[in-house]
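Here is the structure we will look at, set down as structure tokens.
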Amino acid sequence: MDKIPALLLALLITSVIAGNYIFFTTAQIEREKVEIVRVLDGDTVELSDGRRIRLVNINTPEKKFPYSNLAKDYLSGFIGKEVYLESLGPDKYYRTLGRLFYDEEYLNRVIIEEGMAHKYLVIDSEENDFAEAEKIAIEKEAGIWDKSQYYGCIGAEINKYEEYVSITDSCGANFNGWNVKDESTKSYTFKKDFDEAFVLYSSKGTDTSTEVYWGKDKVWNDAGDSIFIRDKSGMLAYYYSYD
């Protein structure tokens with residue numbers, strides 16, 4: 001085959017493939033009008049057709065923790081209203097991952113900016129936008145970012161490879177009932193107080209006055225994670241995020 005016709009054929013094939021990809025991508029993010037009939041939690045809703053939608057880019061507190069009702073109550077306000085959905089495919093629990101909109105307002109982002117959740121597994125193209133939204137919430141100390149009286153007294157250093165966190169306390173806080181959480185849903189609640197400096201290991205073991213064991217195989221992601229330490233009332237005593 002001559003070189004020029006072969007090149008033209010290759011370009012044609014590439015164009016067809018690219019065209020199909022663009023069509024597929026566009027089809028995946030078309031907006032559809034939907035009706036929310038139930039809010040399961042702060043980041044999951046059920047539609048009138050039975051689909052369960054898991055809102056992308058966000059993670060709200062679990063039901064048993066403080067602030068868990070913030071996003072749930074917010075989303076409940078859209079039941080029966082004209083809401084639009086961009087579907088992004090299923091997750092491992094067979095829910096539909098999606099973005100929700102109301103009057104062009106991007107609800108996923110509002111939830112972050114108002115401190116009802118923290119950003120989580122953000123789609124690359126939206127990383128900057130959601131980082132800015134979260135920054136606004138932190139500066140306002142809105143919702144989950146409401147600071148404890150102990151904020152600034154607590155320090156923490158994560159060793160993500162050896163799976164432990166070194167925690168320091170310079171203001172004599174009583175850690176009994178406090179909670180440590182990662183970026184996902186892994187959390188540990190302290191059952192007693194500790195010395196001014198102690199280590200929280202992810203693994204199993206026997207607690208001492210300077211060592212406490214979470215009982216997990218692995219908690220801290222090497223590629224990136226966040227740590228939240230909350231006092232007994234659920235207010236934020238320490239936060240740090242790494243990439």
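Every chain in the structure tokens has a letter given in the order shown (A, B, ...), and although residue numbers restart at 1 in each chain, ligands are simply numbered from 1 in the order shown.
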
Can you tell me, as a PDB file with C-alpha atoms, in the first residue's frame, what residues are no more than 9 Å from Ala137 in chain A when counting only C-alpha atoms, ignoring any on the same chain fewer than 6 positions away?
ATOM      1  CA  ILE A 112     -18.596  21.123  50.104  1.00  0.00           C
ATOM      2  CA  GLU A 113     -18.598  24.926  50.207  1.00  0.00           C
ATOM      3  CA  GLU A 114     -21.103  24.988  53.062  1.00  0.00           C
ATOM      4  CA  GLY A 115     -19.084  22.543  55.151  1.00  0.00           C
ATOM      5  CA  MET A 116     -21.575  19.683  54.996  1.00  0.00           C
ATOM      6  CA  GLY A 143     -20.238  22.767  59.457  1.00  0.00           C
ATOM      7  CA  ILE A 144     -17.706  19.962  59.816  1.00  0.00           C
ATOM      8  CA  TRP A 145     -14.915  22.546  59.960  1.00  0.00           C
TER       9      TRP A 145
END

query: In range 152-241 of chain A, what's strand (DSSP E) per DSSP? Answer as JSON, numbers by chain?
result: {"A": [154, 155, 156, 157, 158, 159, 164, 165, 166, 167, 168, 169, 179, 180, 181, 187, 188, 189, 197, 198, 199, 200, 201, 211, 212, 213, 225, 226, 227, 228, 229, 230, 236, 237, 238, 239, 240, 241]}

task: Would you mind telling me which residue in A:Ala117, A:Ala133, A:Ala237, A:Leu75 lies nearest to Glu183 in chain A when using only C-alpha atoms?
output: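 Using only C-alpha atoms, the shortest distance to Glu183 in chain A belongs to A:Ala117.
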
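Proximity of A:Tyr106, A:Trp220, A:Phe78, A:Tyr161 to Lys186 in chain A, computed with only C-alpha atoms, is greatest for A:Trp220.
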
- prompt: Near Asp169 in chain A, within 8 Å and counting only C-alpha atoms, which residues show up once chain neighbours fewer than 5 positions away are dropped, as a PyMOL selection string?
  reply: chain A and resi 153-155+196-197

Using all heavy atoms, can you export the residues from the last selection as a CSV table (one decimal), in the first residue's frame?
chain,number,residue,atom,x,y,z
A,153,CYS,N,-3.9,22.9,69.8
A,153,CYS,CA,-3.2,22.2,70.9
A,153,CYS,C,-2.7,20.8,70.5
A,153,CYS,O,-1.9,20.2,71.1
A,153,CYS,CB,-4.1,22.1,72.1
A,153,CYS,SG,-4.6,23.6,72.8
A,154,ILE,N,-3.4,20.2,69.5
A,154,ILE,CA,-3.2,18.9,69.1
A,154,ILE,C,-2.3,18.8,67.8
A,154,ILE,O,-2.5,19.6,66.9
A,154,ILE,CB,-4.5,18.2,68.7
A,154,ILE,CG1,-5.5,18.3,69.9
A,154,ILE,CG2,-4.3,16.7,68.4
A,154,ILE,CD1,-5.0,17.8,71.2
A,155,GLY,N,-1.3,17.9,67.9
A,155,GLY,CA,-0.5,17.7,66.7
A,155,GLY,C,-0.5,16.2,66.3
A,155,GLY,O,-0.8,15.3,67.1
A,196,GLU,N,0.7,12.9,77.2
A,196,GLU,CA,0.8,14.0,76.3
A,196,GLU,C,1.3,13.6,74.9
A,196,GLU,O,1.0,14.3,73.9
A,196,GLU,CB,1.8,15.0,76.8
A,196,GLU,CG,1.4,15.7,78.1
A,196,GLU,CD,2.4,16.7,78.7
A,196,GLU,OE1,3.5,16.7,78.1
A,196,GLU,OE2,2.1,17.4,79.7
A,197,ALA,N,2.0,12.5,74.8
A,197,ALA,CA,2.4,12.0,73.5
A,197,ALA,C,2.1,10.5,73.4
A,197,ALA,O,2.5,9.8,74.3
A,197,ALA,CB,3.9,12.3,73.2

- prompt: Quick one: residues within 8 Å of Asn57 in chain A, only C-alpha atoms counted, chain neighbours fewer than 5 positions away excluded, as a list of chain:residue names?
  reply: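 What passes the distance filter is A:Asn108, A:Lys119, A:Tyr120, A:Leu121, A:Val122, A:Ile123, A:Phe130.
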
Emit the selected residues as a PDB file, in the first residue's frame, including C-alpha atoms.
ATOM      1  CA  ASN A 108     -22.343  18.489  45.081  1.00  0.00           C
ATOM      2  CA  LYS A 119     -14.048  16.451  49.163  1.00  0.00           C
ATOM      3  CA  TYR A 120     -13.328  12.827  48.328  1.00  0.00           C
ATOM      4  CA  LEU A 121     -12.077  10.973  45.236  1.00  0.00           C
ATOM      5  CA  VAL A 122     -12.584  14.119  43.192  1.00  0.00           C
ATOM      6  CA  ILE A 123     -12.713  13.779  39.415  1.00  0.00           C
ATOM      7  CA  PHE A 130     -13.670  21.480  44.754  1.00  0.00           C
TER       8      PHE A 130
END

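Distance check against Tyr213 in chain A using only C-alpha atoms: of A:Ile138, A:Val165, A:Leu97, A:Leu88, the minimum falls on A:Val165.
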
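Here the question is which of A:Met235, A:Val219, A:Ile36, A:Ala142 gets nearest to Tyr102 in chain A using only C-alpha atoms, and that residue is A:Ile36.
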
message: Nearest residue to Asp231 in chain A out of A:Glu211, A:Glu157, A:Asp243, A:Asp146, using only C-alpha atoms?
response: A:Asp146

- line: Using only C-alpha atoms, the shortest atom-to-atom distance to Pro61 in chain A among A:Thr185, A:Ile158, A:Cys171, A:Asp91 belongs to A:Thr185

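The residue set within 7 Å of Glu163 in chain A, counting only C-alpha atoms and dropping same-chain residues fewer than 3 places from it, reads A:Asn159, A:Lys160, A:Tyr201, A:Ser202, A:Lys218, A:Trp220.
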